[in-house]
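Worksheet: one structure, shown below.
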Amino acid sequence: LLKAAYSVIYEDGKMVTKHGVYVDYGGIYYYVDGVRTNAGLVLVDGNYYYVSSGGACKTGKYWVSRPNGLMAAGYYTFDAETGKMIFWF
């Protein structure tokens, strides 16, 4: 049996389970084994994302309270279109 909701997309006629960050359904979401997951700060393919309830990736300036040991808690800025953390050097 397949998992409920969000778990499967079709590419070239093949069934694929989502894993990682996807821009879809009008937002930016984080999936683990096809399920939207609340994870706090995550590192995906060399980019940081802050994931809250429902697997939604935060955008704009946001307080990261759950950094999961990746960096210190604090305010960080996330891109509005991709959800990727923006570093200011």
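Residues are referred to by chain and number: the chain letter is A, B, ... according to the order shown in the structure tokens, the number counts from 1 in that chain, and ligands are numbered separately from 1 in the order shown.
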
(message) Based on the backbone DSSP call, show me all residues of chain A assigned strand (DSSP E), as a count of residues only.
(response) 43

(message) Give me the residues near Gly54 of chain A as a list of chain:residue names, where near means some atom within 7 Å (using only C-alpha atoms) and where sequence neighbours in that chain fewer than 6 positions away do not count.
(response) A:Arg36, A:Thr37, A:Asn38

Env of Gly83 of chain A: 9 Å cut, atoms = only C-alpha atoms, seq-sep filter 4 positions within chain, self excluded. Answer as an mmCIF file with N, CA, C and O atoms, in the first residue's frame.
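To be explicit, this is the file written out as selection_21.cif:
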```cif
data_model
loop_
_atom_site.group_PDB
_atom_site.id
_atom_site.type_symbol
_atom_site.label_atom_id
_atom_site.label_comp_id
_atom_site.auth_asym_id
_atom_site.auth_seq_id
_atom_site.Cartn_x
_atom_site.Cartn_y
_atom_site.Cartn_z
ATOM 1 N N VAL A 21 13.614 18.958 -0.247
ATOM 2 C CA VAL A 21 12.841 20.198 -0.322
ATOM 3 C C VAL A 21 12.243 20.357 -1.723
ATOM 4 O O VAL A 21 12.951 20.210 -2.717
ATOM 5 N N VAL A 23 9.408 22.859 -4.072
ATOM 6 C CA VAL A 23 8.527 24.018 -4.220
ATOM 7 C C VAL A 23 7.283 23.504 -4.928
ATOM 8 O O VAL A 23 7.324 23.191 -6.117
ATOM 9 N N ILE A 28 6.818 26.000 -0.058
ATOM 10 C CA ILE A 28 8.086 25.267 -0.063
ATOM 11 C C ILE A 28 8.002 24.267 1.080
ATOM 12 O O ILE A 28 7.782 24.651 2.235
ATOM 13 N N TYR A 29 8.178 22.975 0.769
ATOM 14 C CA TYR A 29 7.970 21.935 1.767
ATOM 15 C C TYR A 29 9.141 20.957 1.823
ATOM 16 O O TYR A 29 9.803 20.693 0.827
ATOM 17 N N TYR A 48 20.846 25.283 3.862
ATOM 18 C CA TYR A 48 20.092 25.215 5.111
ATOM 19 C C TYR A 48 18.665 25.702 4.883
ATOM 20 O O TYR A 48 18.430 26.682 4.166
ATOM 21 N N TYR A 49 17.717 25.014 5.534
ATOM 22 C CA TYR A 49 16.301 25.375 5.496
ATOM 23 C C TYR A 49 15.774 25.265 6.922
ATOM 24 O O TYR A 49 16.224 24.414 7.693
ATOM 25 N N TYR A 50 14.805 26.117 7.270
ATOM 26 C CA TYR A 50 14.164 25.991 8.573
ATOM 27 C C TYR A 50 12.739 25.501 8.345
ATOM 28 O O TYR A 50 11.922 26.172 7.730
ATOM 29 N N CYS A 57 8.707 25.222 4.840
ATOM 30 C CA CYS A 57 9.990 25.908 4.991
ATOM 31 C C CYS A 57 9.719 27.392 5.193
ATOM 32 O O CYS A 57 8.970 28.002 4.436
ATOM 33 N N LYS A 58 10.334 27.961 6.205
ATOM 34 C CA LYS A 58 10.143 29.376 6.511
ATOM 35 C C LYS A 58 10.906 30.246 5.517
ATOM 36 O O LYS A 58 11.929 29.835 4.968
ATOM 37 N N THR A 59 10.396 31.452 5.296
ATOM 38 C CA THR A 59 11.052 32.420 4.424
ATOM 39 C C THR A 59 11.127 33.761 5.151
ATOM 40 O O THR A 59 10.425 33.982 6.136
ATOM 41 N N GLY A 60 12.004 34.649 4.675
ATOM 42 C CA GLY A 60 12.183 35.940 5.318
ATOM 43 C C GLY A 60 13.049 35.797 6.558
ATOM 44 O O GLY A 60 13.705 34.777 6.775
ATOM 45 N N PHE A 78 15.867 33.674 5.173
ATOM 46 C CA PHE A 78 15.637 32.603 4.210
ATOM 47 C C PHE A 78 14.992 33.174 2.955
ATOM 48 O O PHE A 78 14.059 33.974 3.036
ATOM 49 N N ASP A 79 15.473 32.751 1.807
ATOM 50 C CA ASP A 79 15.007 33.249 0.518
ATOM 51 C C ASP A 79 13.513 32.987 0.322
ATOM 52 O O ASP A 79 13.027 31.883 0.595
#
```

(message) Ranking A:Ala72, A:Arg66, A:Ser53, A:Gly34 by minimum distance to Tyr22 of chain A and counting only C-alpha atoms, which one comes first?
(response) A:Gly34

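Using only C-alpha atoms for every distance, the candidate list A:Gly13, A:Gly27, A:Gly40, A:Gly55 yields A:Gly40 as the residue closest to Ala73 of chain A.
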
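When only C-alpha atoms are used to measure the gap to Lys84 of chain A, the shortest distance among A:Leu70, A:Val42, A:Val32, A:Val64 belongs to A:Val42.
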
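Neighbouring residues of Trp63 of chain A at 9 Å or closer, counting only C-alpha atoms and skipping chain neighbours under 6 positions away, are Ala73, Gly74, Tyr75, Tyr76 and Thr77 of chain A.
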
For the residues in the current selection, export N, CA, C and O atoms as a PDB file, in the first residue's frame.
```
ATOM      1  N   ALA A  73      21.177  29.007  17.827  1.00  0.00           N
ATOM      2  CA  ALA A  73      19.830  29.561  17.686  1.00  0.00           C
ATOM      3  C   ALA A  73      19.958  31.061  17.465  1.00  0.00           C
ATOM      4  O   ALA A  73      20.895  31.694  17.955  1.00  0.00           O
ATOM      5  N   GLY A  74      19.039  31.623  16.715  1.00  0.00           N
ATOM      6  CA  GLY A  74      19.074  33.058  16.455  1.00  0.00           C
ATOM      7  C   GLY A  74      18.264  33.408  15.233  1.00  0.00           C
ATOM      8  O   GLY A  74      17.596  32.552  14.640  1.00  0.00           O
ATOM      9  N   TYR A  75      18.312  34.691  14.845  1.00  0.00           N
ATOM     10  CA  TYR A  75      17.608  35.148  13.649  1.00  0.00           C
ATOM     11  C   TYR A  75      18.449  34.859  12.411  1.00  0.00           C
ATOM     12  O   TYR A  75      19.644  35.142  12.379  1.00  0.00           O
ATOM     13  N   TYR A  76      17.797  34.306  11.403  1.00  0.00           N
ATOM     14  CA  TYR A  76      18.432  34.031  10.118  1.00  0.00           C
ATOM     15  C   TYR A  76      17.449  34.437   9.022  1.00  0.00           C
ATOM     16  O   TYR A  76      16.242  34.511   9.254  1.00  0.00           O
ATOM     17  N   THR A  77      17.968  34.660   7.828  1.00  0.00           N
ATOM     18  CA  THR A  77      17.123  35.058   6.706  1.00  0.00           C
ATOM     19  C   THR A  77      17.076  33.939   5.666  1.00  0.00           C
ATOM     20  O   THR A  77      18.111  33.360   5.328  1.00  0.00           O
TER      21      THR A  77
END
```

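You will find atom CA of Tyr31 of chain A at 9.1 Å from atom CA of Thr17 of chain A.
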